[in-house]
Amino acid sequence: MIVQTALLVGLVLFSVLAILLRDLLKSAISLAAASLFLGIIFFRMNAPYAGVFEISVVAGLITVLFILTIALTKAGDEVRESRAVNWVFPLFFVAFIIIDALVMKGLLRKIPALASGAETGTFGDVLWKGRTFDLVGQIAVILAGVFAVLALFRKGDKHD
Amino acid sequence: MIILFVALPLVVAGILPLVGKVSRRVVPDLLANAALLFLLVYAAIAGRHLIAGGPVLQQLSWFGEPVAIRLALDGFSLLMLLAIALVGLAACLFSIDYMEHYGAKANYYALFLVMIAGMNGLVLATDLFNVYLFMEVAAVASYALVAFGLGRDELEAAFKYLMLSVVATAFILISVAVIFGMTGSLDFAAVAKALQELNAGAAVGVASAFFLMGFGLKAALIPFHAWLPDAHPSAPAPISAVLSGLLIKVSGVYAMTRIFLNVFGLTPALSTVLMSLGALSMVVAAFLALGQKDMKRMLAYSSISQVGYVVLGIGIGTPLGIAGGLFHLFNHALAKGLLFLTSGSVQQATGTRNLDEMGGLAKRMPITAATNLVGALSIAGVPPLNGFWSKLIIIIALVQSGHPVFAVIAVLTSVLTLWYYLLMQRKAFFGKLNEKWAAVKEAPFWMTAATVFLALLCVGIGILFSSTVTTWIQPAADVLADGVHAVIGSWGF
């Protein structure tokens with residue numbers, strides 16, 4: 001229970017950081033950390049498929065793409081952001097927590113729990129024996145992402 | 001080896017940027033077109049023999065040990081593979097000359113082939129999550145391709161496209177999660193079987209609604225169409241041709257019909273919803289197209305309208321209706337691909353897409369004018385071109401199934417379609433030559449060749465429509481008309 005709570009707190013904390021941090025790089029890393037926590041929670045809740053997807057795709061692949069893109073952008077002009085973000089998000093966050101605390105416990109009791117079972121196996125089993133075609137798809141997505149970055153950040157080629 | 005449809009474009013895409021360092025133009029041109037030509041020949045010649053004895057199911061193995069790559073090829077997927085290869089090849093040939101001034105050609109072809117691989121993968125997938133994943137593969141490549149020109153408009157259109165596309169895939173993913181939660185499986189056959197036994201009407205209704213919103217956005221059905229008239233015109237012409245000709249059909253119509261007809265089973269309620277959405281798109285988008293001044297924007301609205309016909313036809317649910325819908329899907333892929341390519345020729349020659357500024361271009365670009373006319377008349381449904389037959393089949397199916405009102409709407413929309421296409425043809429190509437375009441020349445060889453290739457197909461299929469229907473369309477329609485039995489009976493691994 002303590003571990004589960006700690007994981008959930010970590011998840012929420014890093015998610016909030018991902019939104020509030022101004023530095024894009026730190027924000028992307030916070031998002032990766034959040035999804036790492038979520039992936040661990042999935043594994044602990046006996047959902048290795050979800051855990052595998054969360055860690056490999058969100059924490060791994062997408063973070064790499066984010067960081068790659070951030071590395072290619074120039075830290076030029078300061079972009080002025082709307083000040084509304086500073087208070088709108090915390091307001092919604094607090095409101096959500098209050099609603100969550102009041103409603104969720106009652107609501108969850110009414111929903112029957114799904115029978116757990118079928119998906120078992122190690123990380124490797126799931127990825128290699130269960131979802132191999134997804135790996136091909138993931139490779140294709142990575143290729144598309146890399147080519148997209150190469151194409152959209154190409155320099156000079158057009159005008160030289 | 002049906003995995004080649006996915007593996008070959010991916011492998012060629014992988015080596016293209018490296019090859020591009022050595023040869024900037026010739027070798028990338030050659031490699032990309034050769035890969036697509038191979039896929040076309042493979043689909044057109046080997047494909048039909050492969051599925052002669054029923055659907056082909058392939059379980060790949062890696063050094064003798066089976067791995068979980070399962071692909072299925074049946075009449076419906078083969079028709080889509082053929083359409084992808086045909087329009088893909090035409091767009092790729094067109095790119096040889098057209099993409100010359102954009103630069104980074106090897107990179108362009110690499111993205112193009114990843115998009116093709118994504119569409120092929122989606123068509124061969126036997127699993128809900130694979131459908132989602134390959135949809136994303138094609139989508140990610142297409143965002144970059146829409147923005148390829150790097151102009152302000154292109155980037156804005158790509159961003160808008162990306163945002164709405166993400167919403168669409170979120171809906172689709174929610175629905176996949178609901179289905180997985182209910183049935184404990186993602187495999188088409190297992191899900192179809194479980195849903196038959198579960199009898200969980202309400203939950204399937206929720207999943208259907210989410211799928212409808214997701215795939216509706218992908219197919220740009222009205223009211224989910226807002227992104228398309230920005231994204232498609234902004235892309236380079238060959239990409240517009242692939243997006244409008246193929247992508248909205250593969251990741252919208254194909255995925256939607258495969259899941260609704262073969263996995264969920266078409267219920268009367270779903271049939272009514274599909275037909276209504278189809279009719280609404282057909283009519284509203286035709287009126288919107290009528291008011292456009294931008295040539296490519298008019299074509300984009302026309303795509304929404306014609307996808308409406310396809311969904312209306314398939315939504316009827318009768319074998320004839322499905323055959324008509326699929327035939328129109330195929331014909332529209334060719335004709336709209338052709339029209340976007342000719343619009344690209346015009347834009348490159350004149351530097352404008354504004355119809356009011358054009359005029360009399362037929363005198364300077366006779367082949368482009370003629371091929372454009374073929375495409376326009378085909379989509380408008382003028383005999384003996386291919387579009388006429390597919391619309392005719394849809395209208396007969398509507399009358400036969402007791403929907404005379406929809407049939408009348410379909411006929412009237414066809415008149416509207418002819419109206420705006422004749423407007424386009426007259427403003428751009430006929431009449432007095434605008435002084436400004438006195439020095440305009442016919443498009444370069446490969447651009448013209450690509451449009452002539454598609455125009456000949458439109459005419460040829462129109463003349464040989466009955467053999468096209470029996471060899472390509474009927475096997476595809478049979479799969480869909482078979483409903484869930486097509487998957488449950490023969491797709492089990």
# chains A, B, ... in the order shown; residues from 1 in each chain; ligands from 1

$ residues_around --residues "Val204 of chain B" --least-positions-apart "4" --cutoff "9 Å" --atoms "only C-alpha atoms" --output "PyMOL selection string"
chain B and resi 178-179+195+199-200+208-209+264

$ write_last_selection --atoms "all heavy atoms" --output "PDB file, in the first residue's frame"
ATOM      1  N   VAL B 178     -11.689  -0.102 -24.466  1.00  0.00           N
ATOM      2  CA  VAL B 178     -12.992  -0.621 -24.028  1.00  0.00           C
ATOM      3  C   VAL B 178     -13.173  -2.058 -24.520  1.00  0.00           C
ATOM      4  O   VAL B 178     -13.569  -2.948 -23.765  1.00  0.00           O
ATOM      5  CB  VAL B 178     -14.135   0.275 -24.561  1.00  0.00           C
ATOM      6  CG1 VAL B 178     -15.494  -0.383 -24.328  1.00  0.00           C
ATOM      7  CG2 VAL B 178     -14.099   1.640 -23.890  1.00  0.00           C
ATOM      8  N   ILE B 179     -12.837  -2.278 -25.787  1.00  0.00           N
ATOM      9  CA  ILE B 179     -12.995  -3.613 -26.371  1.00  0.00           C
ATOM     10  C   ILE B 179     -12.066  -4.612 -25.673  1.00  0.00           C
ATOM     11  O   ILE B 179     -12.464  -5.726 -25.334  1.00  0.00           O
ATOM     12  CB  ILE B 179     -12.659  -3.588 -27.885  1.00  0.00           C
ATOM     13  CG1 ILE B 179     -13.639  -2.688 -28.629  1.00  0.00           C
ATOM     14  CG2 ILE B 179     -12.671  -4.985 -28.481  1.00  0.00           C
ATOM     15  CD1 ILE B 179     -15.040  -3.195 -28.661  1.00  0.00           C
ATOM     16  N   LEU B 195     -17.505 -11.008 -28.754  1.00  0.00           N
ATOM     17  CA  LEU B 195     -18.624 -10.066 -28.766  1.00  0.00           C
ATOM     18  C   LEU B 195     -19.931 -10.779 -29.100  1.00  0.00           C
ATOM     19  O   LEU B 195     -20.989 -10.420 -28.580  1.00  0.00           O
ATOM     20  CB  LEU B 195     -18.373  -8.936 -29.774  1.00  0.00           C
ATOM     21  CG  LEU B 195     -17.327  -7.903 -29.373  1.00  0.00           C
ATOM     22  CD1 LEU B 195     -17.184  -6.833 -30.433  1.00  0.00           C
ATOM     23  CD2 LEU B 195     -17.689  -7.246 -28.042  1.00  0.00           C
ATOM     24  N   ASN B 199     -22.875 -10.505 -25.906  1.00  0.00           N
ATOM     25  CA  ASN B 199     -24.145  -9.821 -26.055  1.00  0.00           C
ATOM     26  C   ASN B 199     -24.184  -8.525 -25.231  1.00  0.00           C
ATOM     27  O   ASN B 199     -25.139  -8.243 -24.521  1.00  0.00           O
ATOM     28  CB  ASN B 199     -25.283 -10.768 -25.636  1.00  0.00           C
ATOM     29  CG  ASN B 199     -26.601 -10.321 -26.224  1.00  0.00           C
ATOM     30  OD1 ASN B 199     -26.621  -9.458 -27.102  1.00  0.00           O
ATOM     31  ND2 ASN B 199     -27.686 -10.886 -25.760  1.00  0.00           N
ATOM     32  N   ALA B 200     -23.075  -7.762 -25.270  1.00  0.00           N
ATOM     33  CA  ALA B 200     -22.969  -6.539 -24.473  1.00  0.00           C
ATOM     34  C   ALA B 200     -23.278  -5.319 -25.339  1.00  0.00           C
ATOM     35  O   ALA B 200     -22.392  -4.619 -25.794  1.00  0.00           O
ATOM     36  CB  ALA B 200     -21.562  -6.434 -23.892  1.00  0.00           C
ATOM     37  N   SER B 208     -18.469   1.750 -30.369  1.00  0.00           N
ATOM     38  CA  SER B 208     -18.784   2.152 -31.743  1.00  0.00           C
ATOM     39  C   SER B 208     -18.804   3.665 -31.882  1.00  0.00           C
ATOM     40  O   SER B 208     -18.323   4.209 -32.876  1.00  0.00           O
ATOM     41  CB  SER B 208     -20.145   1.606 -32.169  1.00  0.00           C
ATOM     42  OG  SER B 208     -20.176   0.231 -32.074  1.00  0.00           O
ATOM     43  N   ALA B 209     -19.373   4.331 -30.869  1.00  0.00           N
ATOM     44  CA  ALA B 209     -19.464   5.802 -30.936  1.00  0.00           C
ATOM     45  C   ALA B 209     -18.067   6.410 -30.975  1.00  0.00           C
ATOM     46  O   ALA B 209     -17.786   7.322 -31.763  1.00  0.00           O
ATOM     47  CB  ALA B 209     -20.248   6.328 -29.742  1.00  0.00           C
ATOM     48  N   PHE B 264     -17.497  -6.062 -35.411  1.00  0.00           N
ATOM     49  CA  PHE B 264     -18.698  -5.797 -34.604  1.00  0.00           C
ATOM     50  C   PHE B 264     -19.948  -6.404 -35.253  1.00  0.00           C
ATOM     51  O   PHE B 264     -20.869  -6.829 -34.594  1.00  0.00           O
ATOM     52  CB  PHE B 264     -18.932  -4.292 -34.448  1.00  0.00           C
ATOM     53  CG  PHE B 264     -17.954  -3.610 -33.536  1.00  0.00           C
ATOM     54  CD1 PHE B 264     -16.885  -4.308 -32.979  1.00  0.00           C
ATOM     55  CD2 PHE B 264     -18.109  -2.273 -33.214  1.00  0.00           C
ATOM     56  CE1 PHE B 264     -15.991  -3.672 -32.148  1.00  0.00           C
ATOM     57  CE2 PHE B 264     -17.214  -1.633 -32.373  1.00  0.00           C
ATOM     58  CZ  PHE B 264     -16.155  -2.339 -31.844  1.00  0.00           C
TER      59      PHE B 264
END

$ closest_atom_pairs --of "chain B" --to "chain A" --cutoff "6 Å" --atoms "only C-alpha atoms" --output "CSV"
residue,atom,partner,partner_atom,distance
B:Val67,CA,A:Lys129,CA,5.6
B:Ala68,CA,A:Thr132,CA,5.0
B:Ile69,CA,A:Phe133,CA,4.7
B:Tyr102,CA,A:Lys158,CA,5.7
B:Gly103,CA,A:Lys158,CA,5.0
B:Phe134,CA,A:Gly137,CA,6.0
B:Val137,CA,A:Val141,CA,5.0
B:Ala141,CA,A:Ala144,CA,5.2
B:Ala144,CA,A:Ala148,CA,5.1

$ write_last_selection --atoms "N, CA and C atoms" --output "compact mmCIF listing (two decimals), in the first residue's frame"
# COMPACT_ATOMS: atom_id res chain seq x y z
N VAL B 67 7.10 -16.16 -34.56
CA VAL B 67 7.00 -14.89 -33.83
C VAL B 67 5.59 -14.34 -34.05
N ALA B 68 5.22 -13.40 -33.20
CA ALA B 68 3.83 -12.94 -33.24
C ALA B 68 3.61 -11.87 -34.30
N ILE B 69 4.00 -12.16 -35.54
CA ILE B 69 3.62 -11.27 -36.63
C ILE B 69 2.59 -12.03 -37.44
N TYR B 102 12.13 21.48 -54.18
CA TYR B 102 11.98 21.48 -52.72
C TYR B 102 13.28 21.13 -52.01
N GLY B 103 14.16 20.36 -52.69
CA GLY B 103 15.38 19.90 -52.04
C GLY B 103 15.10 18.71 -51.13
N PHE B 134 -0.30 1.25 -36.95
CA PHE B 134 0.08 1.55 -38.33
C PHE B 134 -0.61 2.80 -38.85
N VAL B 137 1.76 5.32 -37.81
CA VAL B 137 2.95 5.33 -38.67
C VAL B 137 2.67 6.21 -39.90
N ALA B 141 4.27 10.21 -40.61
CA ALA B 141 4.97 10.55 -41.86
C ALA B 141 4.20 11.63 -42.61
N ALA B 144 4.75 15.33 -41.44
CA ALA B 144 6.00 15.91 -41.93
C ALA B 144 5.88 16.24 -43.41

$ select_by_dssp --residues "segment 261-470 of chain B" --states "alpha helix (DSSP H)" --output "PyMOL selection string"
chain B and resi 268-290+295-316+319-350+366-380+386-400+404-428+445-463+465-468

$ residues_around --residues "Ser271 of chain B" --least-positions-apart "2" --cutoff "10 Å" --atoms "only C-alpha atoms" --output "CSV table (one decimal) with N, CA and C atoms, in the first residue's frame"
chain,number,residue,atom,x,y,z
B,260,PHE,N,-16.3,-2.3,-38.2
B,260,PHE,CA,-17.8,-2.3,-38.0
B,260,PHE,C,-18.4,-3.5,-38.7
B,261,LEU,N,-18.0,-3.8,-39.9
B,261,LEU,CA,-18.7,-4.9,-40.6
B,261,LEU,C,-18.1,-6.3,-40.2
B,266,LEU,N,-22.6,-5.3,-38.6
B,266,LEU,CA,-23.3,-4.1,-38.9
B,266,LEU,C,-24.8,-4.3,-38.4
B,267,THR,N,-25.1,-3.4,-37.4
B,267,THR,CA,-26.5,-3.4,-36.9
B,267,THR,C,-27.3,-2.4,-37.7
B,268,PRO,N,-28.7,-2.5,-37.7
B,268,PRO,CA,-29.5,-1.6,-38.4
B,268,PRO,C,-29.2,-0.1,-37.9
B,269,ALA,N,-29.0,0.1,-36.6
B,269,ALA,CA,-28.8,1.4,-36.1
B,269,ALA,C,-27.5,2.0,-36.7
B,273,VAL,N,-26.8,5.3,-39.1
B,273,VAL,CA,-25.9,6.4,-38.7
B,273,VAL,C,-24.9,6.6,-39.9
B,274,LEU,N,-24.3,5.4,-40.4
B,274,LEU,CA,-23.3,5.6,-41.4
B,274,LEU,C,-23.9,6.2,-42.7
B,275,MET,N,-25.2,5.8,-43.0
B,275,MET,CA,-25.8,6.3,-44.2
B,275,MET,C,-26.1,7.8,-44.1
B,276,SER,N,-26.5,8.2,-42.9
B,276,SER,CA,-26.9,9.6,-42.6
B,276,SER,C,-25.6,10.4,-42.7
B,277,LEU,N,-24.5,10.0,-42.0
B,277,LEU,CA,-23.3,10.7,-42.0
B,277,LEU,C,-22.8,10.9,-43.5
B,311,VAL,N,-19.1,6.0,-47.9
B,311,VAL,CA,-19.7,5.6,-46.7
B,311,VAL,C,-21.2,5.3,-46.8
B,312,LEU,N,-21.9,6.1,-47.6
B,312,LEU,CA,-23.3,5.8,-47.9
B,312,LEU,C,-23.5,4.4,-48.5
B,314,ILE,N,-21.4,1.8,-48.5
B,314,ILE,CA,-21.1,0.7,-47.6
B,314,ILE,C,-22.1,0.6,-46.5
B,315,GLY,N,-22.6,1.8,-46.0
B,315,GLY,CA,-23.5,1.8,-44.9
B,315,GLY,C,-24.8,1.1,-45.2
B,316,ILE,N,-25.2,1.0,-46.5
B,316,ILE,CA,-26.5,0.2,-46.9
B,316,ILE,C,-26.4,-1.2,-46.3
B,317,GLY,N,-25.2,-1.8,-46.4
B,317,GLY,CA,-25.0,-3.1,-45.9
B,317,GLY,C,-25.4,-4.2,-46.8

$ atom_distance --atom1 "atom CA of Tyr143 of chain B" --atom2 "atom CA of Leu18 of chain B"
22.2 Å

$ atom_distance --atom1 "atom CA of Lys293 of chain B" --atom2 "atom CA of Gly360 of chain B"
16.3 Å

$ residues_around --residues "Val58 of chain A" --least-positions-apart "4" --cutoff "12 Å" --atoms "only C-alpha atoms" --output "list in words"
Ala28, Ile29, Ser30, Leu31, Ala32, Ala33, Ala34, Ser35, Leu36, Phe37, Leu38, Gly39, Ala50, Gly51, Val52, Phe53, Glu54, Ile62, Thr63, Val64, Leu65, Phe66 and Gln138 of chain A

$ write_last_selection --atoms "N, CA and C atoms" --output "PDB file, in the first residue's frame"
ATOM      1  N   ALA A  28      10.243  17.700 -20.553  1.00  0.00           N
ATOM      2  CA  ALA A  28      10.187  16.412 -21.262  1.00  0.00           C
ATOM      3  C   ALA A  28      10.689  15.285 -20.373  1.00  0.00           C
ATOM      4  N   ILE A  29      11.745  15.574 -19.600  1.00  0.00           N
ATOM      5  CA  ILE A  29      12.283  14.534 -18.721  1.00  0.00           C
ATOM      6  C   ILE A  29      11.291  14.215 -17.597  1.00  0.00           C
ATOM      7  N   SER A  30      10.610  15.249 -17.090  1.00  0.00           N
ATOM      8  CA  SER A  30       9.591  14.999 -16.067  1.00  0.00           C
ATOM      9  C   SER A  30       8.493  14.109 -16.615  1.00  0.00           C
ATOM     10  N   LEU A  31       8.107  14.354 -17.856  1.00  0.00           N
ATOM     11  CA  LEU A  31       7.056  13.537 -18.477  1.00  0.00           C
ATOM     12  C   LEU A  31       7.508  12.088 -18.578  1.00  0.00           C
ATOM     13  N   ALA A  32       8.784  11.894 -18.950  1.00  0.00           N
ATOM     14  CA  ALA A  32       9.311  10.541 -19.042  1.00  0.00           C
ATOM     15  C   ALA A  32       9.284   9.868 -17.677  1.00  0.00           C
ATOM     16  N   ALA A  33       9.676  10.637 -16.636  1.00  0.00           N
ATOM     17  CA  ALA A  33       9.677  10.082 -15.283  1.00  0.00           C
ATOM     18  C   ALA A  33       8.258   9.699 -14.872  1.00  0.00           C
ATOM     19  N   ALA A  34       7.292  10.570 -15.204  1.00  0.00           N
ATOM     20  CA  ALA A  34       5.899  10.285 -14.864  1.00  0.00           C
ATOM     21  C   ALA A  34       5.448   8.989 -15.516  1.00  0.00           C
ATOM     22  N   SER A  35       5.809   8.825 -16.794  1.00  0.00           N
ATOM     23  CA  SER A  35       5.323   7.616 -17.469  1.00  0.00           C
ATOM     24  C   SER A  35       6.071   6.379 -16.994  1.00  0.00           C
ATOM     25  N   LEU A  36       7.297   6.580 -16.490  1.00  0.00           N
ATOM     26  CA  LEU A  36       8.013   5.461 -15.883  1.00  0.00           C
ATOM     27  C   LEU A  36       7.268   4.985 -14.632  1.00  0.00           C
ATOM     28  N   PHE A  37       6.831   5.952 -13.802  1.00  0.00           N
ATOM     29  CA  PHE A  37       6.033   5.603 -12.623  1.00  0.00           C
ATOM     30  C   PHE A  37       4.760   4.867 -13.046  1.00  0.00           C
ATOM     31  N   LEU A  38       4.092   5.392 -14.081  1.00  0.00           N
ATOM     32  CA  LEU A  38       2.848   4.782 -14.552  1.00  0.00           C
ATOM     33  C   LEU A  38       3.098   3.361 -15.043  1.00  0.00           C
ATOM     34  N   GLY A  39       4.223   3.181 -15.757  1.00  0.00           N
ATOM     35  CA  GLY A  39       4.565   1.850 -16.252  1.00  0.00           C
ATOM     36  C   GLY A  39       4.750   0.867 -15.108  1.00  0.00           C
ATOM     37  N   ALA A  50       0.281  -3.234 -20.807  1.00  0.00           N
ATOM     38  CA  ALA A  50       0.200  -1.782 -20.659  1.00  0.00           C
ATOM     39  C   ALA A  50       1.532  -1.231 -20.186  1.00  0.00           C
ATOM     40  N   GLY A  51       2.166  -1.963 -19.238  1.00  0.00           N
ATOM     41  CA  GLY A  51       3.456  -1.527 -18.718  1.00  0.00           C
ATOM     42  C   GLY A  51       4.511  -1.457 -19.812  1.00  0.00           C
ATOM     43  N   VAL A  52       4.526  -2.495 -20.634  1.00  0.00           N
ATOM     44  CA  VAL A  52       5.492  -2.539 -21.731  1.00  0.00           C
ATOM     45  C   VAL A  52       5.297  -1.359 -22.678  1.00  0.00           C
ATOM     46  N   PHE A  53       4.043  -1.128 -23.070  1.00  0.00           N
ATOM     47  CA  PHE A  53       3.781  -0.026 -24.000  1.00  0.00           C
ATOM     48  C   PHE A  53       4.147   1.314 -23.382  1.00  0.00           C
ATOM     49  N   GLU A  54       3.769   1.486 -22.114  1.00  0.00           N
ATOM     50  CA  GLU A  54       3.993   2.768 -21.448  1.00  0.00           C
ATOM     51  C   GLU A  54       5.493   3.075 -21.382  1.00  0.00           C
ATOM     52  N   ILE A  62       9.176   8.359 -27.194  1.00  0.00           N
ATOM     53  CA  ILE A  62       8.682   9.727 -27.343  1.00  0.00           C
ATOM     54  C   ILE A  62       9.639  10.723 -26.699  1.00  0.00           C
ATOM     55  N   THR A  63      10.225  10.318 -25.553  1.00  0.00           N
ATOM     56  CA  THR A  63      11.179  11.217 -24.899  1.00  0.00           C
ATOM     57  C   THR A  63      12.382  11.481 -25.801  1.00  0.00           C
ATOM     58  N   VAL A  64      12.835  10.415 -26.452  1.00  0.00           N
ATOM     59  CA  VAL A  64      13.974  10.582 -27.366  1.00  0.00           C
ATOM     60  C   VAL A  64      13.608  11.592 -28.460  1.00  0.00           C
ATOM     61  N   LEU A  65      12.407  11.445 -29.013  1.00  0.00           N
ATOM     62  CA  LEU A  65      11.986  12.375 -30.068  1.00  0.00           C
ATOM     63  C   LEU A  65      11.898  13.809 -29.546  1.00  0.00           C
ATOM     64  N   PHE A  66      11.341  13.955 -28.331  1.00  0.00           N
ATOM     65  CA  PHE A  66      11.230  15.297 -27.730  1.00  0.00           C
ATOM     66  C   PHE A  66      12.606  15.927 -27.581  1.00  0.00           C
ATOM     67  N   GLN A 138       6.586   0.089 -34.307  1.00  0.00           N
ATOM     68  CA  GLN A 138       7.369   1.065 -33.530  1.00  0.00           C
ATOM     69  C   GLN A 138       8.614   1.510 -34.287  1.00  0.00           C
TER      70      GLN A 138
END

$ residues_around --residues "Leu339 of chain B" --least-positions-apart "5" --cutoff "9 Å" --atoms "only C-alpha atoms" --output "PyMOL selection string"
chain B and resi 241+296+299+334+344+371-376+451

$ residues_around --residues "Val131 of chain B" --least-positions-apart "5" --cutoff "9 Å" --atoms "only C-alpha atoms" --output "list in words"
Gly121, Leu122, Val123, Leu124, Ala125, Thr126, Glu136, Ser251 and Ala255 of chain B

$ write_last_selection --atoms "C-alpha atoms" --output "PDB file, in the first residue's frame"
ATOM      1  CA  GLY B 121       0.536  -2.480 -42.530  1.00  0.00           C
ATOM      2  CA  LEU B 122      -2.865  -1.175 -41.486  1.00  0.00           C
ATOM      3  CA  VAL B 123      -4.519  -3.014 -44.353  1.00  0.00           C
ATOM      4  CA  LEU B 124      -2.820  -6.319 -43.479  1.00  0.00           C
ATOM      5  CA  ALA B 125      -3.264  -6.068 -39.699  1.00  0.00           C
ATOM      6  CA  THR B 126      -5.325  -8.676 -37.875  1.00  0.00           C
ATOM      7  CA  GLU B 136       0.022   6.381 -36.484  1.00  0.00           C
ATOM      8  CA  SER B 251      -7.102   5.076 -42.087  1.00  0.00           C
ATOM      9  CA  ALA B 255     -10.369   0.714 -40.755  1.00  0.00           C
TER      10      ALA B 255
END

$ closest_residue --among "B:Leu30, B:Ala285, B:Ala202, B:Glu156" --to "Ile96 of chain B" --atoms "only C-alpha atoms"
B:Leu30
